[in-house]
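Visitor: Next comes model-v7.pdb, PDB, C-alpha atoms:
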```pdb
ATOM      1  CA  MET S  24     -30.733 -20.195  24.360
ATOM      2  CA  HIS S  25     -30.400 -20.678  20.608
ATOM      3  CA  ASN S  26     -32.248 -17.411  19.936
ATOM      4  CA  THR S  27     -30.002 -15.530  22.360
ATOM      5  CA  THR S  28     -26.863 -16.848  20.638
ATOM      6  CA  ALA S  29     -28.227 -15.921  17.213
ATOM      7  CA  ILE S  30     -29.146 -12.416  18.353
ATOM      8  CA  THR S  31     -25.722 -11.920  19.936
ATOM      9  CA  GLY S  32     -23.992 -13.079  16.759
ATOM     10  CA  LYS S  33     -26.138 -10.757  14.677
ATOM     11  CA  LEU S  34     -25.337  -7.789  16.912
ATOM     12  CA  GLU S  35     -21.607  -8.545  16.746
ATOM     13  CA  HIS S  36     -21.806  -8.769  12.955
ATOM     14  CA  GLN S  37     -23.616  -5.424  12.761
ATOM     15  CA  THR S  38     -21.031  -3.835  15.055
ATOM     16  CA  ASN S  39     -18.160  -5.106  12.907
ATOM     17  CA  CYS S  40     -19.874  -3.801   9.769
ATOM     18  CA  GLN S  41     -20.382  -0.414  11.425
ATOM     19  CA  TRP S  42     -16.699  -0.244  12.352
ATOM     20  CA  SER S  43     -15.689  -1.303   8.831
ATOM     21  CA  CYS S  44     -17.854   1.427   7.323
ATOM     22  CA  ARG S  45     -16.439   3.943   9.800
ATOM     23  CA  VAL S  46     -12.835   3.063   8.884
ATOM     24  CA  LEU S  47     -13.700   3.359   5.191
ATOM     25  CA  ARG S  48     -15.376   6.741   5.748
ATOM     26  CA  TYR S  49     -12.285   8.029   7.546
ATOM     27  CA  ALA S  50     -10.107   6.882   4.652
ATOM     28  CA  CYS S  51     -12.358   8.649   2.139
ATOM     29  CA  PHE S  52     -12.358  11.765   4.337
ATOM     30  CA  ILE S  53      -8.557  11.795   4.212
ATOM     31  CA  VAL S  54      -8.716  11.542   0.423
ATOM     32  CA  GLY S  55     -11.002  14.555   0.405
ATOM     33  CA  LEU S  56      -8.592  16.551   2.558
ATOM     34  CA  VAL S  57      -5.745  15.742   0.184
ATOM     35  CA  VAL S  58      -7.549  16.369  -3.080
ATOM     36  CA  ALA S  59      -9.920  19.216  -2.179
ATOM     37  CA  PRO S  60      -7.232  21.955  -1.780
ATOM     38  CA  ASN S  61      -6.122  21.413  -5.372
ATOM     39  CA  ALA S  62      -9.676  21.653  -6.688
ATOM     40  CA  SER S  63     -10.419  24.776  -4.598
ATOM     41  CA  MET S  64      -7.182  26.433  -5.656
ATOM     42  CA  LEU S  65      -7.886  25.857  -9.326
ATOM     43  CA  LYS S  66     -11.456  27.085  -9.064
ATOM     44  CA  ALA S  67     -10.233  30.320  -7.500
ATOM     45  CA  GLN S  68      -7.552  30.762 -10.131
ATOM     46  CA  THR S  69      -9.651  29.990 -13.193
ATOM     47  CA  GLY S  70     -13.026  31.283 -12.045
ATOM     48  CA  ALA S  71     -14.646  28.367 -13.850
ATOM     49  CA  PRO S  72     -16.820  25.909 -11.936
ATOM     50  CA  ASN S  73     -15.882  22.916 -14.131
ATOM     51  CA  PRO S  74     -12.485  23.364 -15.843
ATOM     52  CA  ASP S  75     -11.568  20.671 -18.316
ATOM     53  CA  ALA S  76      -9.056  18.027 -17.276
ATOM     54  CA  GLN S  77      -6.157  19.465 -19.280
ATOM     55  CA  THR S  78      -6.592  22.956 -17.826
ATOM     56  CA  LEU S  79      -6.934  21.517 -14.301
ATOM     57  CA  PHE S  80      -3.767  19.476 -14.606
ATOM     58  CA  SER S  81      -1.801  22.393 -16.058
ATOM     59  CA  GLN S  82      -2.877  24.679 -13.208
ATOM     60  CA  ILE S  83      -1.892  22.079 -10.602
ATOM     61  CA  LEU S  84       1.583  21.718 -12.066
ATOM     62  CA  GLU S  85       2.042  25.488 -12.345
ATOM     63  CA  ALA S  86       0.963  26.081  -8.729
ATOM     64  CA  GLN S  87       3.141  23.264  -7.372
ATOM     65  CA  THR S  88       6.129  24.456  -9.421
ATOM     66  CA  LEU S  89       5.790  28.005  -8.060
ATOM     67  CA  GLU S  90       5.437  26.663  -4.514
ATOM     68  CA  THR S  91       8.556  24.524  -4.882
ATOM     69  CA  GLN S  92      10.600  27.369  -6.367
ATOM     70  CA  ASN S  93       9.562  29.740  -3.577
ATOM     71  CA  SER S  94      10.200  27.275  -0.749
ATOM     72  CA  SER S  95      13.310  25.455  -1.956
ATOM     73  CA  PRO S  96      16.787  27.022  -1.931
ATOM     74  CA  VAL S  97      17.649  24.914  -4.993
ATOM     75  CA  SER S  98      15.569  26.237  -7.888
ATOM     76  CA  SER S  99      17.531  25.706 -11.064
ATOM     77  CA  PRO S 100      18.171  22.496 -13.023
ATOM     78  CA  GLU S 101      21.903  23.239 -13.003
ATOM     79  CA  ALA S 102      21.900  23.397  -9.220
ATOM     80  CA  THR S 103      20.084  20.084  -8.810
ATOM     81  CA  ALA S 104      21.883  18.148 -11.521
ATOM     82  CA  GLY S 105      23.989  15.406 -10.012
ATOM     83  CA  SER S 106      23.165  16.488  -6.472
ATOM     84  CA  GLY S 107      20.815  13.593  -5.730
ATOM     85  CA  ILE S 108      18.155  16.044  -4.550
ATOM     86  CA  THR S 109      14.645  15.271  -5.790
ATOM     87  CA  THR S 110      12.260  18.219  -5.650
ATOM     88  CA  ASP S 111       8.507  18.002  -5.169
ATOM     89  CA  THR S 112       8.052  19.194  -8.745
ATOM     90  CA  THR S 113       9.879  16.166 -10.120
ATOM     91  CA  GLU S 114       7.781  13.735  -8.091
ATOM     92  CA  SER S 115       4.569  15.677  -8.775
ATOM     93  CA  VAL S 116       4.793  15.323 -12.558
ATOM     94  CA  ALA S 117       1.913  13.002 -13.426
ATOM     95  CA  SER S 118       2.709  10.003 -15.571
ATOM     96  CA  ASP S 119       1.037   9.122 -18.830
ATOM     97  CA  VAL S 120      -0.769   6.179 -17.231
ATOM     98  CA  SER S 121      -4.350   5.708 -18.410
ATOM     99  CA  PHE S 122      -6.992   2.996 -18.561
ATOM    100  CA  LYS S 123      -5.829   2.159 -22.070
ATOM    101  CA  ASN S 124      -2.117   1.744 -21.430
ATOM    102  CA  LEU S 125      -2.294   0.423 -17.861
ATOM    103  CA  PRO S 126      -1.698  -3.227 -18.918
ATOM    104  CA  MET S 127       1.395  -2.197 -20.880
ATOM    105  CA  HIS S 128       2.689  -0.249 -17.876
ATOM    106  CA  ILE S 129       2.293  -3.310 -15.666
ATOM    107  CA  LEU S 130       4.147  -5.497 -18.188
ATOM    108  CA  ARG S 131       6.946  -2.941 -18.326
ATOM    109  CA  ASP S 132       7.150  -2.830 -14.532
ATOM    110  CA  GLN S 133       7.229  -6.622 -14.303
ATOM    111  CA  LYS S 134      10.028  -6.812 -16.841
ATOM    112  CA  ALA S 135      12.140  -4.446 -14.748
ATOM    113  CA  LEU S 136      11.193  -6.322 -11.584
ATOM    114  CA  TRP S 137      12.113  -9.819 -12.765
ATOM    115  CA  LEU S 138      15.355  -8.542 -14.295
ATOM    116  CA  PHE S 139      16.386  -7.236 -10.883
ATOM    117  CA  PRO S 140      18.895 -10.125 -10.384
ATOM    118  CA  VAL S 141      20.797  -8.726 -13.361
ATOM    119  CA  SER S 142      21.311  -5.486 -11.427
ATOM    120  CA  LEU S 143      22.548  -7.500  -8.452
ATOM    121  CA  ALA S 144      24.990  -9.327 -10.716
ATOM    122  CA  GLN S 145      26.294  -5.933 -11.796
ATOM    123  CA  GLY S 146      26.949  -5.021  -8.166
ATOM    124  CA  LYS S 147      23.947  -2.706  -7.712
ATOM    125  CA  HIS S 148      21.390  -2.509  -4.866
ATOM    126  CA  TRP S 149      23.221  -4.990  -2.632
ATOM    127  CA  VAL S 150      22.847  -2.976   0.580
ATOM    128  CA  PRO S 151      19.003  -2.677   0.591
ATOM    129  CA  THR S 152      18.661  -6.259  -0.669
ATOM    130  CA  ILE S 153      20.827  -7.657   2.122
ATOM    131  CA  ALA S 154      18.981  -5.496   4.658
ATOM    132  CA  ILE S 155      15.537  -6.767   3.613
ATOM    133  CA  VAL S 156      16.597 -10.409   3.273
ATOM    134  CA  GLY S 157      18.499 -10.286   6.566
ATOM    135  CA  ALA S 158      15.647  -8.687   8.492
ATOM    136  CA  THR S 159      13.188 -11.204   7.044
ATOM    137  CA  ALA S 160      15.458 -14.105   8.042
ATOM    138  CA  VAL S 161      15.779 -12.789  11.607
ATOM    139  CA  LEU S 162      12.016 -12.417  11.898
ATOM    140  CA  ILE S 163      11.453 -15.948  10.580
ATOM    141  CA  VAL S 164      13.707 -17.254  13.341
ATOM    142  CA  THR S 165      11.874 -15.249  15.999
ATOM    143  CA  ASP S 166       8.352 -16.006  14.700
ATOM    144  CA  LYS S 167       8.091 -19.185  16.762
ATOM    145  CA  HIS S 168       8.859 -17.227  19.937
ATOM    146  CA  VAL S 169       6.500 -14.317  19.181
ATOM    147  CA  MET S 170       3.365 -16.039  17.916
ATOM    148  CA  PRO S 171       2.520 -17.994  21.112
ATOM    149  CA  TYR S 172       1.893 -14.654  22.817
ATOM    150  CA  PHE S 173      -0.644 -13.576  20.188
ATOM    151  CA  ARG S 174      -2.310 -16.990  20.355
ATOM    152  CA  ARG S 175      -2.774 -16.676  24.140
ATOM    153  CA  THR S 176      -3.646 -13.026  24.610
ATOM    154  CA  SER S 177      -7.056 -11.440  24.218
ATOM    155  CA  SER S 178      -5.691  -7.890  24.439
ATOM    156  CA  PHE S 179      -6.089  -7.313  20.703
ATOM    157  CA  ASP S 180      -9.627  -8.650  20.333
ATOM    158  CA  GLY S 181     -11.169  -5.207  19.980
ATOM    159  CA  PHE S 182      -8.411  -4.096  17.647
ATOM    160  CA  SER S 183      -8.929  -7.181  15.465
ATOM    161  CA  ASP S 184     -12.671  -6.548  15.334
ATOM    162  CA  VAL S 185     -12.092  -3.051  13.955
ATOM    163  CA  PHE S 186      -9.181  -3.885  11.662
ATOM    164  CA  SER S 187     -10.454  -7.219  10.417
ATOM    165  CA  GLY S 188      -9.416  -8.671   7.082
ATOM    166  CA  THR S 189     -12.703  -7.506   5.578
ATOM    167  CA  SER S 190     -12.500  -3.913   6.804
ATOM    168  CA  THR S 191      -8.821  -3.446   5.897
ATOM    169  CA  GLY S 192      -9.470  -4.957   2.489
ATOM    170  CA  ALA S 193     -12.309  -2.466   2.044
ATOM    171  CA  VAL S 194      -9.917   0.391   2.855
ATOM    172  CA  GLU S 195      -7.348  -0.852   0.324
ATOM    173  CA  VAL S 196     -10.033  -0.898  -2.348
ATOM    174  CA  GLY S 197     -11.866   2.197  -1.132
ATOM    175  CA  VAL S 198      -8.969   4.659  -1.045
ATOM    176  CA  PRO S 199      -7.984   4.343  -4.748
ATOM    177  CA  ALA S 200     -11.684   4.219  -5.638
ATOM    178  CA  ALA S 201     -12.220   7.471  -3.725
ATOM    179  CA  PHE S 202      -9.377   9.144  -5.629
ATOM    180  CA  MET S 203     -10.882   7.932  -8.897
ATOM    181  CA  LEU S 204     -14.341   9.208  -7.941
ATOM    182  CA  VAL S 205     -13.016  12.609  -6.876
ATOM    183  CA  GLY S 206     -10.937  12.828 -10.031
ATOM    184  CA  LEU S 207     -13.869  12.062 -12.304
ATOM    185  CA  LEU S 208     -16.334  14.321 -10.495
ATOM    186  CA  HIS S 209     -13.942  17.301 -10.331
ATOM    187  CA  HIS S 210     -12.249  16.634 -13.689
ATOM    188  CA  ASP S 211      -9.013  16.314 -11.733
ATOM    189  CA  SER S 212      -6.641  14.276 -13.911
ATOM    190  CA  TYR S 213      -3.997  14.262 -11.176
ATOM    191  CA  ALA S 214      -6.314  12.478  -8.729
ATOM    192  CA  THR S 215      -7.464  10.092 -11.478
ATOM    193  CA  GLN S 216      -3.896   9.190 -12.371
ATOM    194  CA  THR S 217      -3.121   8.725  -8.678
ATOM    195  CA  ALA S 218      -5.878   6.111  -8.534
ATOM    196  CA  LEU S 219      -4.529   4.401 -11.665
ATOM    197  CA  LEU S 220      -0.995   4.416 -10.279
ATOM    198  CA  ALA S 221      -2.290   2.905  -7.042
ATOM    199  CA  GLY S 222      -3.914   0.132  -9.050
ATOM    200  CA  GLU S 223      -0.722  -0.361 -11.042
ATOM    201  CA  ALA S 224       1.372  -0.522  -7.875
ATOM    202  CA  TYR S 225      -1.059  -2.934  -6.219
ATOM    203  CA  LEU S 226      -0.954  -5.348  -9.154
ATOM    204  CA  ASP S 227       2.806  -4.995  -9.513
ATOM    205  CA  SER S 228       3.301  -6.072  -5.903
ATOM    206  CA  ALA S 229       0.610  -8.754  -6.092
ATOM    207  CA  ILE S 230       2.280 -10.757  -8.864
ATOM    208  CA  PRO S 231       5.614 -11.427  -7.093
ATOM    209  CA  HIS S 232       3.986 -11.954  -3.707
ATOM    210  CA  VAL S 233       1.668 -14.597  -5.194
ATOM    211  CA  VAL S 234       4.680 -16.323  -6.778
ATOM    212  CA  ILE S 235       6.461 -16.367  -3.416
ATOM    213  CA  LYS S 236       3.317 -17.735  -1.757
ATOM    214  CA  LEU S 237       3.171 -20.588  -4.252
ATOM    215  CA  LEU S 238       6.810 -21.425  -3.562
ATOM    216  CA  SER S 239       6.808 -21.026   0.230
ATOM    217  CA  ARG S 240       3.471 -22.749   0.997
ATOM    218  CA  ARG S 241       3.678 -21.564   4.592
ATOM    219  CA  LEU S 242       0.969 -22.428   7.078
ATOM    220  CA  ARG S 243      -0.960 -19.547   8.557
ATOM    221  CA  PRO S 244      -0.601 -19.205  12.348
ATOM    222  CA  SER S 245      -4.285 -20.026  12.718
ATOM    223  CA  SER S 246      -3.676 -23.336  10.901
ATOM    224  CA  VAL S 247      -1.026 -24.499  13.382
ATOM    225  CA  ALA S 248      -2.467 -26.978  15.875
ATOM    226  CA  PRO S 249      -2.875 -25.625  19.434
ATOM    227  CA  SER S 250      -0.596 -28.378  20.749
ATOM    228  CA  ALA S 251       2.136 -27.630  18.176
ATOM    229  CA  ASP S 252       4.679 -24.853  18.048
ATOM    230  CA  PHE S 253       5.341 -22.541  15.120
ATOM    231  CA  SER S 254       8.763 -23.885  14.140
ATOM    232  CA  ASP S 255       7.769 -26.028  11.127
ATOM    233  CA  THR S 256       5.448 -24.002   8.910
ATOM    234  CA  PHE S 257       7.020 -23.784   5.445
ATOM    235  CA  PHE S 258       6.086 -26.097   2.520
ATOM    236  CA  ARG S 259       3.136 -27.549   4.412
ATOM    237  CA  SER S 260       0.013 -25.694   3.300
ATOM    238  CA  ASN S 261      -2.373 -26.404   0.456
ATOM    239  CA  VAL S 262      -2.233 -23.421  -1.883
ATOM    240  CA  SER S 263      -4.663 -22.268  -4.553
ATOM    241  CA  PRO S 264      -3.344 -21.100  -7.962
ATOM    242  CA  LEU S 265      -3.550 -17.504  -6.679
ATOM    243  CA  GLY S 266      -1.611 -18.265  -3.506
ATOM    244  CA  LYS S 267      -4.553 -18.391  -1.137
ATOM    245  CA  GLY S 268      -3.750 -20.582   1.842
ATOM    246  CA  SER S 269      -0.085 -19.618   2.021
ATOM    247  CA  SER S 270       1.017 -17.144   4.662
ATOM    248  CA  PHE S 271       4.377 -15.911   3.343
ATOM    249  CA  PRO S 272       4.391 -13.008   2.515
ATOM    250  CA  SER S 273       1.369 -10.914   3.539
ATOM    251  CA  GLY S 274      -0.703  -9.707   0.610
ATOM    252  CA  HIS S 275      -2.488  -7.212   2.864
ATOM    253  CA  ALA S 276       0.826  -5.602   3.799
ATOM    254  CA  ALA S 277       2.068  -5.546   0.202
ATOM    255  CA  GLY S 278      -1.146  -3.938  -1.023
ATOM    256  CA  ALA S 279      -1.352  -1.423   1.824
ATOM    257  CA  PHE S 280       2.214  -0.173   1.380
ATOM    258  CA  SER S 281       2.025  -0.064  -2.412
ATOM    259  CA  ILE S 282      -1.043   2.199  -2.245
ATOM    260  CA  ALA S 283       0.400   4.242   0.631
ATOM    261  CA  THR S 284       3.630   4.836  -1.279
ATOM    262  CA  VAL S 285       1.766   6.160  -4.310
ATOM    263  CA  ILE S 286      -0.247   8.604  -2.202
ATOM    264  CA  ALA S 287       2.751   9.631  -0.090
ATOM    265  CA  GLN S 288       4.846  10.365  -3.166
ATOM    266  CA  ARG S 289       2.148  12.101  -5.176
ATOM    267  CA  TYR S 290       0.938  14.346  -2.334
ATOM    268  CA  LYS S 291       4.067  14.803  -0.244
ATOM    269  CA  SER S 292       3.795  18.591  -0.565
ATOM    270  CA  HIS S 293       1.196  18.122   2.202
ATOM    271  CA  ARG S 294       3.683  17.087   4.860
ATOM    272  CA  TRP S 295       1.140  15.183   6.938
ATOM    273  CA  VAL S 296       0.074  12.912   4.066
ATOM    274  CA  PRO S 297       3.089  10.524   4.149
ATOM    275  CA  PHE S 298       2.697  10.105   7.920
ATOM    276  CA  VAL S 299      -0.990   9.270   7.606
ATOM    277  CA  ALA S 300      -0.529   7.047   4.548
ATOM    278  CA  TYR S 301       2.335   4.992   5.964
ATOM    279  CA  GLY S 302       0.795   5.004   9.443
ATOM    280  CA  LEU S 303      -2.465   3.543   8.180
ATOM    281  CA  ALA S 304      -0.556   1.015   6.063
ATOM    282  CA  GLY S 305       1.435  -0.006   9.133
ATOM    283  CA  VAL S 306      -1.712  -0.491  11.215
ATOM    284  CA  ILE S 307      -3.351  -2.544   8.454
ATOM    285  CA  SER S 308      -0.219  -4.686   8.121
ATOM    286  CA  PHE S 309       0.167  -5.263  11.869
ATOM    287  CA  SER S 310      -3.505  -6.190  12.203
ATOM    288  CA  ARG S 311      -2.790  -9.468  10.423
ATOM    289  CA  VAL S 312      -0.541 -10.678  13.269
ATOM    290  CA  PRO S 313      -2.922 -10.658  16.283
ATOM    291  CA  ASP S 314      -5.601 -11.938  13.899
ATOM    292  CA  LEU S 315      -3.358 -15.031  13.480
ATOM    293  CA  ALA S 316      -3.493 -14.595   9.701
ATOM    294  CA  HIS S 317       0.236 -13.906   9.315
ATOM    295  CA  PHE S 318       3.584 -14.104  11.072
ATOM    296  CA  PRO S 319       5.615 -10.919  11.661
ATOM    297  CA  SER S 320       8.082 -11.996   8.962
ATOM    298  CA  ASP S 321       5.192 -12.329   6.486
ATOM    299  CA  VAL S 322       4.083  -8.790   7.254
ATOM    300  CA  PHE S 323       7.571  -7.309   7.027
ATOM    301  CA  LEU S 324       8.378  -8.868   3.673
ATOM    302  CA  GLY S 325       4.967  -7.921   2.269
ATOM    303  CA  ALA S 326       5.427  -4.306   3.370
ATOM    304  CA  ALA S 327       8.969  -4.234   1.938
ATOM    305  CA  LEU S 328       7.734  -5.585  -1.390
ATOM    306  CA  GLY S 329       4.899  -3.058  -1.567
ATOM    307  CA  TYR S 330       7.149  -0.095  -0.788
ATOM    308  CA  THR S 331      10.224  -0.974  -2.858
ATOM    309  CA  ILE S 332       8.337  -2.118  -5.961
ATOM    310  CA  THR S 333       6.233   1.037  -5.958
ATOM    311  CA  ARG S 334       8.969   3.489  -5.044
ATOM    312  CA  TYR S 335      11.768   2.154  -7.245
ATOM    313  CA  ASP S 336       9.906   0.372 -10.049
ATOM    314  CA  VAL S 337       6.513   1.992 -10.624
ATOM    315  CA  PHE S 338       7.747   5.558 -10.116
ATOM    316  CA  ARG S 339      10.974   4.925 -11.988
ATOM    317  CA  THR S 340       9.179   3.650 -15.094
ATOM    318  CA  ASN S 341       6.521   6.372 -14.884
ATOM    319  CA  LYS S 342       8.898   9.323 -14.816
TER     320      LYS S 342
END
```
Could you spell out this file's structure in structure tokens?

Guide:
Amino acid sequence: MHNTTAITGKLEHQTNCQWSCRVLRYACFIVGLVVAPNASMLKAQTGAPNPDAQTLFSQILEAQTLETQNSSPVSSPEATAGSGITTDTTESVASDVSFKNLPMHILRDQKALWLFPVSLAQGKHWVPTIAIVGATAVLIVTDKHVMPYFRRTSSFDGFSDVFSGTSTGAVEVGVPAAFMLVGLLHHDSYATQTALLAGEAYLDSAIPHVVIKLLSRRLRPSSVAPSADFSDTFFRSNVSPLGKGSSFPSGHAAGAFSIATVIAQRYKSHRWVPFVAYGLAGVISFSRVPDLAHFPSDVFLGAALGYTITRYDVFRTNK
């Protein structure tokens, strides 16, 4: 009987590992689909098998600029000035982020982030702030009514096996790593900088979400006793210095949406990329709920932090 249990556990572990590897391979395949057209285009234009990084980057910008000018009815700076229209060319301009200055970029982003209350005091950004805070508050109230369903049901067991914390964490690490690998192998500075920006965005969202974890000290759903409800979960967990053990907000969701936002913004000329990037980030974020690792409010706030910090802090300071 003991041998049968051990064999069954081993088979289940191997199956989970196979699914994790499969999810990671799919993510890397998507990276290849995004990056490969740029490399192929430049090889055809230059006729050189291994163009240097500067030439590669220049050709990418020139091709994307021509594509934008041909496809967009607004092609001149005078026409776009003050119109609020952001062209693909503007968002496609790579930043000066590098391994050397990445720490300084993160410090600059954090300065802008923690000075955000000053902008609120000046009457700016109130609408999105109220929307995010309000939606989070509503979800906190409804968490205690939603989580009993996920504690009872077994409908998501297969889903949780595939999108486990280990496999989704591997995807969050693997996608930027794949961009970095492709960038280095093909001398593609745009892909390399995309990987660096993803790392910058991930760390930028990680710092505030860890601070909130330390303050909230919320129990994870899995830590709530089976005989208890989910109404009293804040300020009750034991938290490590890095926030481990606290549920609010979800670090998985923050990381997934920060990386997805970088890829969606940098490669939005491929119209399917934002859908895939945000779709995968949404699946990764949701997977934490049936796994009883997070409440819906944790996931929502984590996703909001990842998106807003990346979209309006990282990209603003890197323009």

Visitor: Could I get the residues of range 152-212 of chain S with an atom no further than 12 Å from an atom of range 326-331 of chain S, each paired with its nearest atom pair and that distance in Å to one decimal, using all atoms listed in the file, sorted by chain and residue number, as a Markdown table?

Guide:
```
| residue | atom | partner | partner_atom | distance |
| --- | --- | --- | --- | --- |
| S:Thr152 | CA | S:Thr331 | CA | 10.2 |
| S:Ala154 | CA | S:Ala327 | CA | 10.5 |
| S:Ile155 | CA | S:Ala327 | CA | 7.2 |
| S:Val156 | CA | S:Ala327 | CA | 9.9 |
| S:Ala158 | CA | S:Ala327 | CA | 10.4 |
| S:Thr159 | CA | S:Ala327 | CA | 9.6 |
```

Visitor: With C-alpha atoms kept, could you save the residues just selected as a CSV table (one decimal), keeping the file's coordinate frame?

Guide:
```
chain,number,residue,atom,x,y,z
S,152,THR,CA,18.7,-6.3,-0.7
S,154,ALA,CA,19.0,-5.5,4.7
S,155,ILE,CA,15.5,-6.8,3.6
S,156,VAL,CA,16.6,-10.4,3.3
S,158,ALA,CA,15.6,-8.7,8.5
S,159,THR,CA,13.2,-11.2,7.0
```

Visitor: For Gly197 in chain S, which residue among S:Ala218, S:Leu136, S:Ile235, S:Val306 is the nearest when counting all atoms listed in the file?

Guide: S:Ala218

Visitor: Counting only C-alpha atoms, which of S:Gly222, S:Gly157, S:Gly206, S:Pro264 gets nearest to Phe323 in chain S?

Guide: S:Gly157

Visitor: If I take CA of Ala224 in chain S and CA of Trp137 in chain S, how far is one from the other in Å, to one decimal?

Guide: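 We find that CA of Ala224 in chain S and CA of Trp137 in chain S lie 15.0 Å from each other.
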
Visitor: Could you work out how far CA of Thr284 in chain S lies from CA of Ala144 in chain S, giving the answer in Å with one decimal?

Guide: 27.3 Å

Visitor: Under the PyMOL selection byres ((chain S and resi 266-275) around 7), which residues of this model are included? Write them out as a ChimeraX atom specification.

Guide: /S:229,232-233,236-237,239-243,260-265,276-279,308,317,321-322,324-325

Visitor: Where's the centre, and what are the edge lengths in Å to one decimal, of a box along x, y and z enclosing all listed atoms of range 329-341 of chain S padded 6 Å per side, as AutoDock Vina command-line options?

Guide:
```
--center_x 8.3 --center_y 1.7 --center_z -7.9 --size_x 18.9 --size_y 21.4 --size_z 26.3
```

Visitor: Find, counting only C-alpha atoms, the residue in S:Ser250, S:Ser320, S:Asn124, S:Thr215 that gets nearest to Val169 in chain S.

Guide: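 Of the candidates, the smallest distance to Val169 in chain S is held by S:Ser320.
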
Visitor: Let me know the residues the PyMOL selection byres ((chain S and resi 170) around 12) catches in the file above, as a PyMOL selection string.

Guide: chain S and resi 162-169+171-176+243-245+247+249+251-254+311-320

Visitor: Find the residues around Gln216 in chain S up to 12 Å (all atoms listed in the file counted), leave out those fewer than 2 positions away in its own chain, and share them as a count of residues only.

Guide: 36

Visitor: Grab the CA of Ser281 in chain S to CA of Tyr335 in chain S distance for me, in Å with one decimal place.

Guide: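 Computing the Euclidean distance for CA of Ser281 in chain S and CA of Tyr335 in chain S yields 11.1 Å.
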